[in-house]
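Visitor: Compact mmCIF, N, CA and C atoms, saved as target33.txt, coming up:
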# COMPACT_ATOMS: atom_id res chain seq x y z
N MET D 21 -5.18 -7.86 -51.13
CA MET D 21 -5.62 -9.09 -50.48
C MET D 21 -4.43 -9.96 -50.08
N GLY D 22 -3.41 -10.02 -50.98
CA GLY D 22 -2.22 -10.83 -50.72
C GLY D 22 -1.44 -10.32 -49.52
N LYS D 23 -1.35 -8.99 -49.38
CA LYS D 23 -0.64 -8.40 -48.25
C LYS D 23 -1.37 -8.69 -46.94
N PHE D 24 -2.68 -8.68 -46.99
CA PHE D 24 -3.48 -8.96 -45.80
C PHE D 24 -3.26 -10.40 -45.33
N LEU D 25 -3.30 -11.36 -46.26
CA LEU D 25 -3.05 -12.76 -45.91
C LEU D 25 -1.64 -12.97 -45.38
N PHE D 26 -0.66 -12.28 -46.01
CA PHE D 26 0.72 -12.39 -45.55
C PHE D 26 0.85 -11.86 -44.12
N ALA D 27 0.16 -10.76 -43.81
CA ALA D 27 0.20 -10.18 -42.46
C ALA D 27 -0.39 -11.14 -41.44
N ILE D 28 -1.48 -11.82 -41.79
CA ILE D 28 -2.10 -12.78 -40.88
C ILE D 28 -1.18 -13.97 -40.63
N VAL D 29 -0.58 -14.50 -41.71
CA VAL D 29 0.33 -15.64 -41.57
C VAL D 29 1.56 -15.25 -40.75
N ALA D 30 2.10 -14.07 -41.00
CA ALA D 30 3.27 -13.61 -40.25
C ALA D 30 2.94 -13.43 -38.77
N ALA D 31 1.79 -12.87 -38.47
CA ALA D 31 1.39 -12.68 -37.07
C ALA D 31 1.19 -14.02 -36.38
N ALA D 32 0.54 -14.97 -37.04
CA ALA D 32 0.33 -16.30 -36.45
C ALA D 32 1.66 -17.01 -36.23
N ALA D 33 2.57 -16.92 -37.19
CA ALA D 33 3.88 -17.57 -37.06
C ALA D 33 4.67 -16.96 -35.90
N SER D 34 4.60 -15.65 -35.72
CA SER D 34 5.35 -15.04 -34.62
C SER D 34 4.78 -15.44 -33.28
N LEU D 35 3.46 -15.63 -33.19
CA LEU D 35 2.86 -16.09 -31.93
C LEU D 35 3.29 -17.51 -31.62
N VAL D 36 3.36 -18.36 -32.63
CA VAL D 36 3.79 -19.75 -32.42
C VAL D 36 5.23 -19.78 -31.95
N LEU D 37 6.09 -18.97 -32.56
CA LEU D 37 7.49 -18.95 -32.17
C LEU D 37 7.67 -18.42 -30.75
N VAL D 38 6.88 -17.43 -30.37
CA VAL D 38 6.99 -16.85 -29.04
C VAL D 38 6.52 -17.85 -27.99
N GLU D 39 5.53 -18.66 -28.29
CA GLU D 39 4.95 -19.58 -27.34
C GLU D 39 5.76 -20.86 -27.16
N SER D 40 6.73 -21.15 -28.04
CA SER D 40 7.50 -22.39 -27.95
C SER D 40 8.36 -22.39 -26.70
N LEU D 41 8.30 -23.49 -25.98
CA LEU D 41 9.06 -23.65 -24.73
C LEU D 41 10.39 -24.31 -25.05
N LEU D 42 11.45 -23.81 -24.47
CA LEU D 42 12.79 -24.36 -24.66
C LEU D 42 13.20 -25.08 -23.38
N CYS D 43 13.50 -26.37 -23.49
CA CYS D 43 13.88 -27.17 -22.32
C CYS D 43 15.28 -27.74 -22.50
N ASN D 44 15.93 -28.02 -21.38
CA ASN D 44 17.18 -28.75 -21.42
C ASN D 44 16.85 -30.22 -21.61
N LYS D 45 17.62 -30.90 -22.47
CA LYS D 45 17.37 -32.31 -22.74
C LYS D 45 18.63 -33.10 -22.43
N CYS D 46 18.44 -34.20 -21.72
CA CYS D 46 19.54 -35.10 -21.39
C CYS D 46 18.99 -36.52 -21.44
N THR D 47 19.52 -37.33 -22.33
CA THR D 47 19.03 -38.71 -22.44
C THR D 47 19.96 -39.71 -21.77
N LEU D 48 21.14 -39.26 -21.33
CA LEU D 48 22.08 -40.15 -20.65
C LEU D 48 22.74 -39.41 -19.50
N SER D 49 22.36 -39.77 -18.29
CA SER D 49 22.92 -39.14 -17.11
C SER D 49 23.34 -40.23 -16.13
N LEU D 50 24.59 -40.21 -15.73
CA LEU D 50 25.12 -41.17 -14.77
C LEU D 50 25.70 -40.43 -13.59
N MET D 51 25.38 -40.92 -12.41
CA MET D 51 25.90 -40.34 -11.18
C MET D 51 25.59 -38.85 -11.08
N GLY D 52 24.44 -38.43 -11.61
CA GLY D 52 24.02 -37.04 -11.53
C GLY D 52 24.66 -36.11 -12.54
N LYS D 53 25.44 -36.64 -13.48
CA LYS D 53 26.13 -35.82 -14.48
C LYS D 53 25.61 -36.18 -15.87
N CYS D 54 25.19 -35.18 -16.64
CA CYS D 54 24.66 -35.41 -17.99
C CYS D 54 25.81 -35.61 -18.97
N MET D 55 25.68 -36.65 -19.79
CA MET D 55 26.72 -36.97 -20.77
C MET D 55 26.44 -36.35 -22.14
N ASN D 56 25.20 -35.92 -22.41
CA ASN D 56 24.85 -35.42 -23.74
C ASN D 56 23.80 -34.32 -23.68
N ALA D 57 24.11 -33.21 -23.07
CA ALA D 57 23.15 -32.12 -22.90
C ALA D 57 22.93 -31.36 -24.21
N VAL D 58 21.66 -31.11 -24.52
CA VAL D 58 21.27 -30.30 -25.67
C VAL D 58 20.03 -29.49 -25.28
N ASN D 59 19.68 -28.51 -26.10
CA ASN D 59 18.43 -27.78 -25.92
C ASN D 59 17.38 -28.40 -26.81
N GLU D 60 16.14 -28.41 -26.34
CA GLU D 60 15.04 -28.98 -27.10
C GLU D 60 13.88 -27.99 -27.11
N THR D 61 13.34 -27.72 -28.31
CA THR D 61 12.15 -26.89 -28.42
C THR D 61 10.94 -27.80 -28.37
N CYS D 62 10.06 -27.55 -27.44
CA CYS D 62 8.89 -28.41 -27.26
C CYS D 62 7.93 -28.27 -28.44
N PRO D 63 7.27 -29.37 -28.80
CA PRO D 63 6.45 -29.38 -30.01
C PRO D 63 5.11 -28.66 -29.89
N SER D 64 4.59 -28.46 -28.70
CA SER D 64 3.28 -27.81 -28.60
C SER D 64 3.24 -26.83 -27.44
N ASN D 65 2.21 -26.01 -27.43
CA ASN D 65 2.06 -25.00 -26.37
C ASN D 65 1.67 -25.61 -25.04
N SER D 66 1.21 -26.86 -25.04
CA SER D 66 0.82 -27.50 -23.78
C SER D 66 1.96 -28.29 -23.15
N SER D 67 3.14 -28.22 -23.74
CA SER D 67 4.30 -28.96 -23.22
C SER D 67 4.86 -28.32 -21.96
N VAL D 68 5.56 -29.13 -21.18
CA VAL D 68 6.30 -28.65 -20.01
C VAL D 68 7.70 -29.26 -20.06
N CYS D 69 8.63 -28.65 -19.36
CA CYS D 69 9.96 -29.24 -19.19
C CYS D 69 9.88 -30.19 -18.00
N TYR D 70 10.64 -31.28 -18.05
CA TYR D 70 10.61 -32.22 -16.93
C TYR D 70 11.99 -32.76 -16.63
N THR D 71 12.13 -33.24 -15.41
CA THR D 71 13.31 -33.99 -14.98
C THR D 71 12.80 -35.24 -14.30
N GLY D 72 13.22 -36.39 -14.77
CA GLY D 72 12.87 -37.66 -14.16
C GLY D 72 14.12 -38.23 -13.49
N ARG D 73 14.00 -38.59 -12.23
CA ARG D 73 15.16 -39.09 -11.48
C ARG D 73 14.82 -40.43 -10.84
N ALA D 74 15.65 -41.44 -11.11
CA ALA D 74 15.49 -42.75 -10.48
C ALA D 74 16.54 -42.86 -9.38
N THR D 75 16.09 -43.15 -8.17
CA THR D 75 17.00 -43.31 -7.04
C THR D 75 16.72 -44.65 -6.37
N PHE D 76 17.70 -45.13 -5.66
CA PHE D 76 17.62 -46.42 -5.00
C PHE D 76 17.69 -46.22 -3.49
N PRO D 77 16.59 -46.48 -2.76
CA PRO D 77 16.59 -46.29 -1.30
C PRO D 77 17.64 -47.13 -0.59
N SER D 78 17.97 -48.29 -1.13
CA SER D 78 18.96 -49.16 -0.49
C SER D 78 20.39 -48.65 -0.70
N LEU D 79 20.57 -47.69 -1.60
CA LEU D 79 21.88 -47.09 -1.86
C LEU D 79 21.78 -45.57 -1.67
N PRO D 80 21.75 -45.09 -0.44
CA PRO D 80 21.50 -43.66 -0.20
C PRO D 80 22.59 -42.74 -0.76
N ASP D 81 23.82 -43.21 -0.91
CA ASP D 81 24.89 -42.36 -1.43
C ASP D 81 24.93 -42.33 -2.95
N PHE D 82 24.20 -43.23 -3.61
CA PHE D 82 24.17 -43.28 -5.07
C PHE D 82 23.17 -42.24 -5.58
N VAL D 83 23.63 -41.34 -6.43
CA VAL D 83 22.82 -40.24 -6.92
C VAL D 83 21.69 -40.72 -7.82
N GLY D 84 21.90 -41.78 -8.57
CA GLY D 84 20.86 -42.31 -9.44
C GLY D 84 21.03 -41.88 -10.88
N PHE D 85 19.94 -42.00 -11.63
CA PHE D 85 19.94 -41.69 -13.05
C PHE D 85 18.90 -40.61 -13.33
N ASN D 86 19.20 -39.72 -14.28
CA ASN D 86 18.27 -38.66 -14.67
C ASN D 86 17.96 -38.76 -16.15
N ILE D 87 16.79 -38.24 -16.52
CA ILE D 87 16.42 -38.03 -17.90
C ILE D 87 15.64 -36.73 -17.93
N GLN D 88 15.86 -35.90 -18.96
CA GLN D 88 15.24 -34.59 -19.01
C GLN D 88 14.81 -34.25 -20.43
N GLY D 89 13.85 -33.33 -20.53
CA GLY D 89 13.40 -32.87 -21.84
C GLY D 89 12.02 -32.27 -21.78
N CYS D 90 11.28 -32.37 -22.92
CA CYS D 90 9.91 -31.87 -23.02
C CYS D 90 8.94 -33.01 -22.73
N ARG D 91 7.77 -32.65 -22.24
CA ARG D 91 6.77 -33.66 -21.90
C ARG D 91 5.38 -33.09 -22.20
N GLU D 92 4.55 -33.89 -22.84
CA GLU D 92 3.18 -33.50 -23.14
C GLU D 92 2.23 -33.86 -22.00
N ASN D 93 2.43 -35.01 -21.42
CA ASN D 93 1.54 -35.53 -20.39
C ASN D 93 1.98 -35.03 -19.02
N THR D 94 1.16 -34.20 -18.38
CA THR D 94 1.54 -33.64 -17.08
C THR D 94 0.89 -34.38 -15.92
N THR D 95 0.22 -35.50 -16.18
CA THR D 95 -0.48 -36.21 -15.10
C THR D 95 0.48 -36.82 -14.08
N SER D 96 1.69 -37.17 -14.50
CA SER D 96 2.63 -37.77 -13.55
C SER D 96 3.63 -36.76 -13.00
N CYS D 97 3.45 -35.48 -13.29
CA CYS D 97 4.37 -34.46 -12.78
C CYS D 97 4.26 -34.35 -11.26
N ASP D 98 5.40 -34.10 -10.64
CA ASP D 98 5.50 -33.89 -9.20
C ASP D 98 4.98 -35.07 -8.40
N LYS D 99 5.28 -36.27 -8.89
CA LYS D 99 4.91 -37.49 -8.19
C LYS D 99 6.12 -38.42 -8.10
N THR D 100 6.14 -39.23 -7.07
CA THR D 100 7.17 -40.26 -6.91
C THR D 100 6.50 -41.61 -7.01
N THR D 101 7.06 -42.46 -7.87
CA THR D 101 6.49 -43.79 -8.10
C THR D 101 7.51 -44.86 -7.72
N PRO D 102 7.19 -45.75 -6.79
CA PRO D 102 8.10 -46.85 -6.45
C PRO D 102 7.94 -47.99 -7.45
N ASP D 103 9.03 -48.72 -7.69
CA ASP D 103 9.00 -49.88 -8.58
C ASP D 103 10.14 -50.81 -8.19
N THR D 104 10.17 -51.99 -8.79
CA THR D 104 11.20 -52.99 -8.50
C THR D 104 11.76 -53.52 -9.80
N LEU D 105 13.08 -53.68 -9.86
CA LEU D 105 13.76 -54.25 -11.01
C LEU D 105 14.74 -55.30 -10.51
N LEU D 106 14.52 -56.55 -10.90
CA LEU D 106 15.37 -57.67 -10.48
C LEU D 106 15.50 -57.73 -8.96
N GLY D 107 14.41 -57.46 -8.26
CA GLY D 107 14.39 -57.54 -6.81
C GLY D 107 14.92 -56.31 -6.10
N VAL D 108 15.34 -55.30 -6.84
CA VAL D 108 15.87 -54.07 -6.24
C VAL D 108 14.80 -52.98 -6.37
N THR D 109 14.45 -52.37 -5.25
CA THR D 109 13.45 -51.31 -5.24
C THR D 109 14.10 -49.98 -5.62
N TYR D 110 13.41 -49.22 -6.48
CA TYR D 110 13.86 -47.88 -6.83
C TYR D 110 12.65 -46.96 -6.92
N ASN D 111 12.89 -45.66 -6.79
CA ASN D 111 11.84 -44.66 -6.87
C ASN D 111 12.10 -43.76 -8.07
N THR D 112 11.05 -43.47 -8.81
CA THR D 112 11.14 -42.54 -9.93
C THR D 112 10.34 -41.29 -9.58
N LYS D 113 11.02 -40.15 -9.57
CA LYS D 113 10.35 -38.88 -9.28
C LYS D 113 10.43 -38.00 -10.52
N ILE D 114 9.28 -37.49 -10.94
CA ILE D 114 9.22 -36.62 -12.11
C ILE D 114 8.78 -35.23 -11.63
N THR D 115 9.62 -34.23 -11.92
CA THR D 115 9.27 -32.85 -11.60
C THR D 115 9.13 -32.09 -12.92
N CYS D 116 8.18 -31.18 -12.97
CA CYS D 116 7.89 -30.43 -14.19
C CYS D 116 7.92 -28.93 -13.90
N CYS D 117 8.17 -28.15 -14.95
CA CYS D 117 8.16 -26.70 -14.86
C CYS D 117 7.80 -26.14 -16.23
N SER D 118 7.48 -24.85 -16.30
CA SER D 118 6.95 -24.34 -17.56
C SER D 118 7.59 -23.04 -18.04
N THR D 119 8.85 -22.81 -17.69
CA THR D 119 9.57 -21.66 -18.23
C THR D 119 10.81 -22.16 -18.97
N ASP D 120 11.35 -21.34 -19.84
CA ASP D 120 12.50 -21.75 -20.65
C ASP D 120 13.67 -22.21 -19.78
N SER D 121 14.20 -23.38 -20.10
CA SER D 121 15.38 -23.95 -19.45
C SER D 121 15.25 -24.02 -17.93
N CYS D 122 14.05 -24.31 -17.45
CA CYS D 122 13.81 -24.37 -16.00
C CYS D 122 14.22 -25.71 -15.40
N ASN D 123 14.63 -26.68 -16.24
CA ASN D 123 15.11 -27.97 -15.74
C ASN D 123 16.63 -28.02 -15.91
N PRO D 124 17.38 -27.49 -14.93
CA PRO D 124 18.83 -27.37 -15.07
C PRO D 124 19.53 -28.73 -15.17
N ILE D 125 20.62 -28.73 -15.91
CA ILE D 125 21.41 -29.94 -16.14
C ILE D 125 22.76 -29.77 -15.47
N THR D 126 23.22 -30.82 -14.79
CA THR D 126 24.58 -30.87 -14.27
C THR D 126 25.43 -31.54 -15.33
N LEU D 127 26.37 -30.80 -15.88
CA LEU D 127 27.18 -31.34 -16.97
C LEU D 127 28.26 -32.27 -16.44
N SER D 128 28.63 -33.20 -17.28
CA SER D 128 29.66 -34.18 -16.93
C SER D 128 31.03 -33.54 -16.94
N SER D 129 31.87 -34.02 -16.09
CA SER D 129 33.26 -33.59 -16.11
C SER D 129 34.10 -34.62 -16.85
N ALA D 130 33.47 -35.45 -17.65
CA ALA D 130 34.17 -36.53 -18.35
C ALA D 130 35.24 -35.99 -19.29
N ALA D 131 34.97 -34.89 -19.98
CA ALA D 131 35.95 -34.36 -20.92
C ALA D 131 37.23 -33.95 -20.20
N SER D 132 37.11 -33.27 -19.05
CA SER D 132 38.31 -32.86 -18.32
C SER D 132 38.99 -34.08 -17.70
N ALA D 133 38.23 -35.08 -17.29
CA ALA D 133 38.83 -36.29 -16.73
C ALA D 133 39.60 -37.03 -17.81
N LYS D 134 39.04 -37.09 -19.02
CA LYS D 134 39.74 -37.74 -20.13
C LYS D 134 41.02 -36.99 -20.45
N MET D 135 40.95 -35.65 -20.42
CA MET D 135 42.12 -34.84 -20.72
C MET D 135 43.20 -35.06 -19.67
N SER D 136 42.84 -35.11 -18.39
CA SER D 136 43.81 -35.34 -17.33
C SER D 136 44.45 -36.72 -17.47
N PHE D 137 43.63 -37.73 -17.78
CA PHE D 137 44.15 -39.08 -17.96
C PHE D 137 45.11 -39.13 -19.14
N SER D 138 44.74 -38.48 -20.25
CA SER D 138 45.60 -38.45 -21.43
C SER D 138 46.92 -37.75 -21.13
N ALA D 139 46.85 -36.66 -20.37
CA ALA D 139 48.07 -35.94 -20.01
C ALA D 139 48.96 -36.80 -19.13
N ALA D 140 48.36 -37.54 -18.18
CA ALA D 140 49.14 -38.40 -17.30
C ALA D 140 49.81 -39.53 -18.09
N VAL D 141 49.06 -40.16 -19.00
CA VAL D 141 49.64 -41.23 -19.83
C VAL D 141 50.76 -40.68 -20.70
N GLY D 142 50.53 -39.49 -21.28
CA GLY D 142 51.57 -38.86 -22.10
C GLY D 142 52.82 -38.58 -21.30
N ALA D 143 52.67 -38.11 -20.07
CA ALA D 143 53.83 -37.82 -19.22
C ALA D 143 54.59 -39.09 -18.87
N VAL D 144 53.85 -40.18 -18.61
CA VAL D 144 54.50 -41.46 -18.30
C VAL D 144 55.29 -41.97 -19.50
N VAL D 145 54.68 -41.90 -20.68
CA VAL D 145 55.37 -42.36 -21.91
C VAL D 145 56.60 -41.50 -22.17
N LEU D 146 56.47 -40.19 -22.03
CA LEU D 146 57.61 -39.29 -22.26
C LEU D 146 58.72 -39.57 -21.25
N ALA D 147 58.36 -39.76 -19.98
CA ALA D 147 59.38 -40.04 -18.97
C ALA D 147 60.06 -41.38 -19.26
N SER D 148 59.31 -42.36 -19.72
CA SER D 148 59.86 -43.66 -20.05
C SER D 148 60.85 -43.57 -21.20
N VAL D 149 60.45 -42.83 -22.23
CA VAL D 149 61.34 -42.66 -23.39
C VAL D 149 62.60 -41.91 -23.02
N LEU D 150 62.44 -40.82 -22.28
CA LEU D 150 63.61 -40.05 -21.86
C LEU D 150 64.49 -40.86 -20.91
N GLY D 151 63.89 -41.64 -20.04
CA GLY D 151 64.66 -42.47 -19.11
C GLY D 151 65.46 -43.53 -19.82
N SER D 152 64.93 -44.09 -20.89
CA SER D 152 65.66 -45.13 -21.62
C SER D 152 66.78 -44.53 -22.48
N MET D 153 66.71 -43.24 -22.78
CA MET D 153 67.74 -42.58 -23.61
C MET D 153 68.94 -42.19 -22.76
N LEU D 154 68.74 -42.02 -21.46
CA LEU D 154 69.84 -41.57 -20.61
C LEU D 154 70.63 -42.70 -20.15
Let me see the file written as structure tokens.

Guide:
Amino acid sequence: MGKFLFAIVAAAASLVLVESLLCNKCTLSLMGKCMNAVNETCPSNSSVCYTGRATFPSLPDFVGFNIQGCRENTTSCDKTTPDTLLGVTYNTKITCCSTDSCNPITLSSAASAKMSFSAAVGAVVLASVLGSML
């Protein structure tokens, strides 16, 4: 009897694990680049992956802000909603998908920019020190 119950629990657990959706999650995105990308396992079988993008019609060259992850409520998927903040109009578009990692993230180049800046400052300091020694 114990082996039978164990087999049922193991089969149910494997179905739950197989059904879990894996989405890309980004809670901070500036200028179209994600600052903190991670993977997120959705909590239920009815979840979808989503990408929400806020854009400003008055600033066509500005990429806007993104947020990504898992979503339970699919009623606002694939819709654009206009709104106003402090007199500035912006549009929020939410797109949804239902396969693993189907909401791609553009990663930030901040780490390489910080490294280049650090290297430049280091070179300036080194040149200054060497220049004062000569």

Visitor: Closest to Asn93 of chain D among D:Leu105, D:Thr115, D:Val68, D:Phe76, using all atoms listed in the file?

Guide: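 Among the listed residues, the smallest separation from Asn93 of chain D belongs to D:Val68.
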
Visitor: Return the single residue from D:Ser66, D:Thr126, D:Thr75, D:Thr104 that is closest to Lys53 of chain D, with distances computed using only N, CA and C atoms.

Guide: D:Thr126

Visitor: Quick one, how far is atom CA of Cys43 of chain D from atom CA of Thr101 of chain D?

Guide: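 Value for the atom CA of Cys43 of chain D-atom CA of Thr101 of chain D distance: 23.1 Å.
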
Visitor: For Asn123 of chain D, find every residue with an atom within 6.5 Å (counting all atoms listed in the file), except residues of its own chain fewer than 6 positions away, and show them as a list in words.

Guide: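 Within the cut-off, the hits are Cys43, Asn44, Cys69, Tyr70 and Thr71 of chain D.
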
Visitor: With distances taken over all atoms listed in the file, which of D:Cys54, D:Glu60, D:Asn86, D:Ala74 is nearest to Thr112 of chain D?

Guide: D:Ala74

Visitor: Do you know which residues lie at most 6.5 Å from (7.4, -30.1, -19.8), with coordinates as in the file and all atoms listed in the file counted, and could you write them as number ranges by chain?

Guide: D: 67-70, 89-92, 116-118
